[in-house]
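Asker: Got a structure for you, written out below as C-alpha cells; questions coming shortly.
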Amino acid sequence: MTDPHNAPLQNSASSQSRVCSQHRLLLVDDDTDLTELLGEYLINEGYQVDCAHNADEAEKVLAQQHFDLLVFDIMMPGRSGLELLQGLRPALQTPVIMLTGRGDDIDRILGLEMGADDYLAKPCNPRELLARIRAVLRRSQLTQAASTSGAVPKLLQQGRIELDEARREARVADSLLNLTSAEFNVLRILLQHAGTVVSKATLTEQVLHRKLTAYDRAIDVHVSRVRQKLNKAGETDCIRTIRGEGYQLVSAL
C-alpha cells in the first residue's frame, strides 16, 4: 500500500486524476492519518474519495458535491458523527456507514436508529471496510434499479400492510412508511415469508449482504425500527421475536 503521508486526500481533484469511478465516497474522521490511509486504499480499489475532519467541514462538502456513500466516525471534536447524521436524516438518504469504538454498543445502536446503514468497529481493517462499502452500495444500487425500472408493480400484502417492490414503497392502509433501504428490505423479506420464522442469519445475509457475526446487533436494530414504524402507523404486534431463532411476521388483521 502506498505510504499515506505521500498521498494527501484533502483535495478531491488529486483523487479524480488517478481514477475514474462511478462511486464517490466521503470519509469524515478527525484522525487525518487514518482518513489518508483508508482513502488511499479505497482509491486504489477504484473509488473517488473526499475527506473531511469534522462535522462542519463535512456539511460544506456535502452542500457542494453528490456522494454515493458516506463514512462517519462517531467520536469527533465539536459535533459528533451521530449529531451530523441526525442533522442530515431524513432529508439526505445517501447511505452511511458509522465507525465506532469497539465497545460502544450504545453508539452503534443509536447510529442505526438515526438512519445509518451499517457500522464498523475501530480500529478497522481496510479490507473489511471495503467489503461493507461494497455491500451497502450493492443494496443501494438494487434500490435505485427497482425504482427506475418501470416494471409492473409487484405487490406484497398482509392484512393492512402493503409493499410495492417496484416503487420501493410500503404502506399501512393509507399511511406511507418512511423506511430506509435496509428497513424496506427487512419488511419485504418478512412479508415474503409471512407466518414463518426468518433467522437473523438469513436477514443479515439478504439485507446487509454479509454474514452474521457474534455480537452483531445491526439486523436487530433494523427490525426494531420497522416494528416501531408499523406500530406508529397502527399495526401493532405484527413482528414477533422468536428467541434463539429469528423474527416472524404474523397474520395482520
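Following the order of the C-alpha cells, first chain is A, next is B, and so on, with residues numbered from 1 inside each chain and ligands from 1 in the order they appear.
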Return as a PyMOL selection string the full set of residues in range 115-222 of chain A whose backbone-based DSSP assignment is strand (DSSP E).
Answerer: chain A and resi 118-122+155-158+161-164+169-172+175-176+197-199
Asker: Write the selection just made, keeping C-alpha atoms, as a PDB file, in the first residue's frame?
Answerer:
ATOM      1  CA  ASP A 118     -24.210  -0.240   8.862  1.00  0.00           C
ATOM      2  CA  TYR A 119     -21.373   0.189  11.338  1.00  0.00           C
ATOM      3  CA  LEU A 120     -17.813  -0.998  11.793  1.00  0.00           C
ATOM      4  CA  ALA A 121     -15.689  -1.040  14.946  1.00  0.00           C
ATOM      5  CA  LYS A 122     -12.414   0.886  15.082  1.00  0.00           C
ATOM      6  CA  LEU A 155     -47.257  -6.059  -4.502  1.00  0.00           C
ATOM      7  CA  LEU A 156     -46.875  -7.937  -1.250  1.00  0.00           C
ATOM      8  CA  GLN A 157     -49.753  -7.668   1.168  1.00  0.00           C
ATOM      9  CA  GLN A 158     -50.552  -8.945   4.616  1.00  0.00           C
ATOM     10  CA  ILE A 161     -49.612  -3.833   5.257  1.00  0.00           C
ATOM     11  CA  GLU A 162     -48.871  -3.366   1.571  1.00  0.00           C
ATOM     12  CA  LEU A 163     -45.445  -3.252  -0.048  1.00  0.00           C
ATOM     13  CA  ASP A 164     -44.776  -2.175  -3.640  1.00  0.00           C
ATOM     14  CA  GLU A 169     -42.916   1.935  -1.072  1.00  0.00           C
ATOM     15  CA  ALA A 170     -44.592   0.400   1.954  1.00  0.00           C
ATOM     16  CA  ARG A 171     -47.884   1.427   3.500  1.00  0.00           C
ATOM     17  CA  VAL A 172     -50.182   0.587   6.351  1.00  0.00           C
ATOM     18  CA  SER A 175     -50.137   5.714   5.702  1.00  0.00           C
ATOM     19  CA  LEU A 176     -46.807   5.724   3.845  1.00  0.00           C
ATOM     20  CA  VAL A 197     -39.678 -17.648  11.141  1.00  0.00           C
ATOM     21  CA  VAL A 198     -36.820 -15.918   9.308  1.00  0.00           C
ATOM     22  CA  SER A 199     -33.470 -16.372  11.040  1.00  0.00           C
TER      23      SER A 199
END
Asker: Counting only C-alpha atoms, give me one row per residue of range 92-204 of chain A with an atom at most 10 Å from an atom of range 41-51 of chain A, showing the shortest contact pair and its distance in Å to one decimal, sorted by chain then residue number, as JSON lines.
Answerer:
{"residue": "A:Pro126", "atom": "CA", "partner": "A:Tyr41", "partner_atom": "CA", "distance": 7.1}
{"residue": "A:Arg127", "atom": "CA", "partner": "A:Tyr41", "partner_atom": "CA", "distance": 8.7}
{"residue": "A:Leu129", "atom": "CA", "partner": "A:Leu42", "partner_atom": "CA", "distance": 9.2}
{"residue": "A:Leu130", "atom": "CA", "partner": "A:Leu42", "partner_atom": "CA", "distance": 7.2}
{"residue": "A:Ile133", "atom": "CA", "partner": "A:Leu42", "partner_atom": "CA", "distance": 9.8}
Asker: With C-alpha atoms retained, could you export that selection as an mmCIF file, in the first residue's frame?
Answerer:
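Printed below is result27.cif as written:
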data_model
loop_
_atom_site.group_PDB
_atom_site.id
_atom_site.type_symbol
_atom_site.label_atom_id
_atom_site.label_comp_id
_atom_site.auth_asym_id
_atom_site.auth_seq_id
_atom_site.Cartn_x
_atom_site.Cartn_y
_atom_site.Cartn_z
ATOM 1 C CA PRO A 126 -9.405 -1.521 5.328
ATOM 2 C CA ARG A 127 -10.470 -4.756 3.633
ATOM 3 C CA LEU A 129 -14.443 -1.518 5.388
ATOM 4 C CA LEU A 130 -14.213 -2.145 1.646
ATOM 5 C CA ILE A 133 -18.914 -0.350 1.394
#
Asker: Pick out the closest residue to His222 in chain A from this set: A:Thr204, A:Gln22, A:Ser140, A:Gln93. Count only C-alpha atoms.
Answerer: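 That would be A:Thr204, the residue with the smallest distance to His222 in chain A.
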Asker: Give the answer as one residue: which of A:Gly159, A:Gly244, A:Gly81, A:Gly101 has the shortest atom-to-atom distance to Ala173 in chain A, using only C-alpha atoms?
Answerer: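 Once distances to Ala173 in chain A are computed over only C-alpha atoms, the minimum belongs to A:Gly159.
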Asker: Which of these, A:Ala182, A:Leu208, A:Leu177, A:Ala214, has the shortest distance to Gly234 in chain A once you count only C-alpha atoms?
Answerer: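 Looking at the shortest contact to Gly234 in chain A, the residue is A:Leu177.
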Asker: Quick check, in Å to one decimal: how far apart do CA of Ser224 in chain A and CA of Ile239 in chain A lie?
Answerer: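 Pair CA of Ser224 in chain A / CA of Ile239 in chain A returns 9.0 Å.
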Asker: Might you pull out every residue within 8 Å of Ile109 in chain A, with only C-alpha atoms counted and same-chain residues fewer than 5 positions away left off, and present them as a PyMOL selection string?
Answerer: chain A and resi 217-218+221
Asker: Those residues with C-alpha atoms, as a CSV table (one decimal), in the first residue's frame please?
Answerer:
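Result written to part34.csv:
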chain,number,residue,atom,x,y,z
A,217,ARG,CA,-26.9,-6.4,16.5
A,218,ALA,CA,-27.3,-4.5,13.3
A,221,VAL,CA,-32.0,-2.7,15.3
Asker: A:Gln86, A:Thr35, A:Thr202, A:Gln65: which is nearest Ile189 in chain A, counting only C-alpha atoms?
Answerer: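 Answer, going by the shortest atom-to-atom distance: A:Thr202.
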Asker: Just want the 6 Å neighbourhood of range 53-61 of chain A, counted on only C-alpha atoms, with same-chain residues fewer than 3 positions away dropped. Output as a PyMOL selection string.
Answerer: chain A and resi 28-30+64+79+84
Asker: Could you pull the residues within 8 Å of Asp117 in chain A, counting only C-alpha atoms, minus those fewer than 6 positions along the same chain, as a PDB file with N, CA and C atoms, in the first residue's frame?
Answerer:
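Heads up, here's the output in part-v7.pdb:
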ATOM      1  N   PRO A  95     -26.449   6.545   1.604  1.00  0.00           N
ATOM      2  CA  PRO A  95     -26.069   5.503   2.573  1.00  0.00           C
ATOM      3  C   PRO A  95     -24.919   5.959   3.466  1.00  0.00           C
ATOM      4  N   VAL A  96     -24.978   5.551   4.744  1.00  0.00           N
ATOM      5  CA  VAL A  96     -23.970   5.945   5.735  1.00  0.00           C
ATOM      6  C   VAL A  96     -23.479   4.715   6.492  1.00  0.00           C
ATOM      7  N   ILE A  97     -22.159   4.599   6.618  1.00  0.00           N
ATOM      8  CA  ILE A  97     -21.536   3.609   7.493  1.00  0.00           C
ATOM      9  C   ILE A  97     -20.884   4.362   8.641  1.00  0.00           C
ATOM     10  N   VAL A 136     -23.143  -2.215   1.033  1.00  0.00           N
ATOM     11  CA  VAL A 136     -24.124  -1.134   1.139  1.00  0.00           C
ATOM     12  C   VAL A 136     -24.398  -0.524  -0.229  1.00  0.00           C
ATOM     13  N   ALA A 182     -32.522  -0.482   4.119  1.00  0.00           N
ATOM     14  CA  ALA A 182     -32.394  -1.712   4.905  1.00  0.00           C
ATOM     15  C   ALA A 182     -33.725  -2.092   5.535  1.00  0.00           C
TER      16      ALA A 182
END
Asker: What does the distance from CA of Leu203 in chain A to CA of Val186 in chain A come to in Å, to one decimal?
Answerer: 6.9 Å
Asker: Could you pull out the alpha helix (DSSP H) residues of range 21-150 of chain A from DSSP and send them as a PyMOL selection string?
Answerer: chain A and resi 32-44+55-64+81-88+105-113+126-148
Asker: Point out the residue among A:Leu230, A:Leu212, A:Leu82, A:Ala52 with the least atom-to-atom distance to Phe184 in chain A, counting only C-alpha atoms.
Answerer: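 Smallest separation from Phe184 in chain A among the options: A:Leu230.
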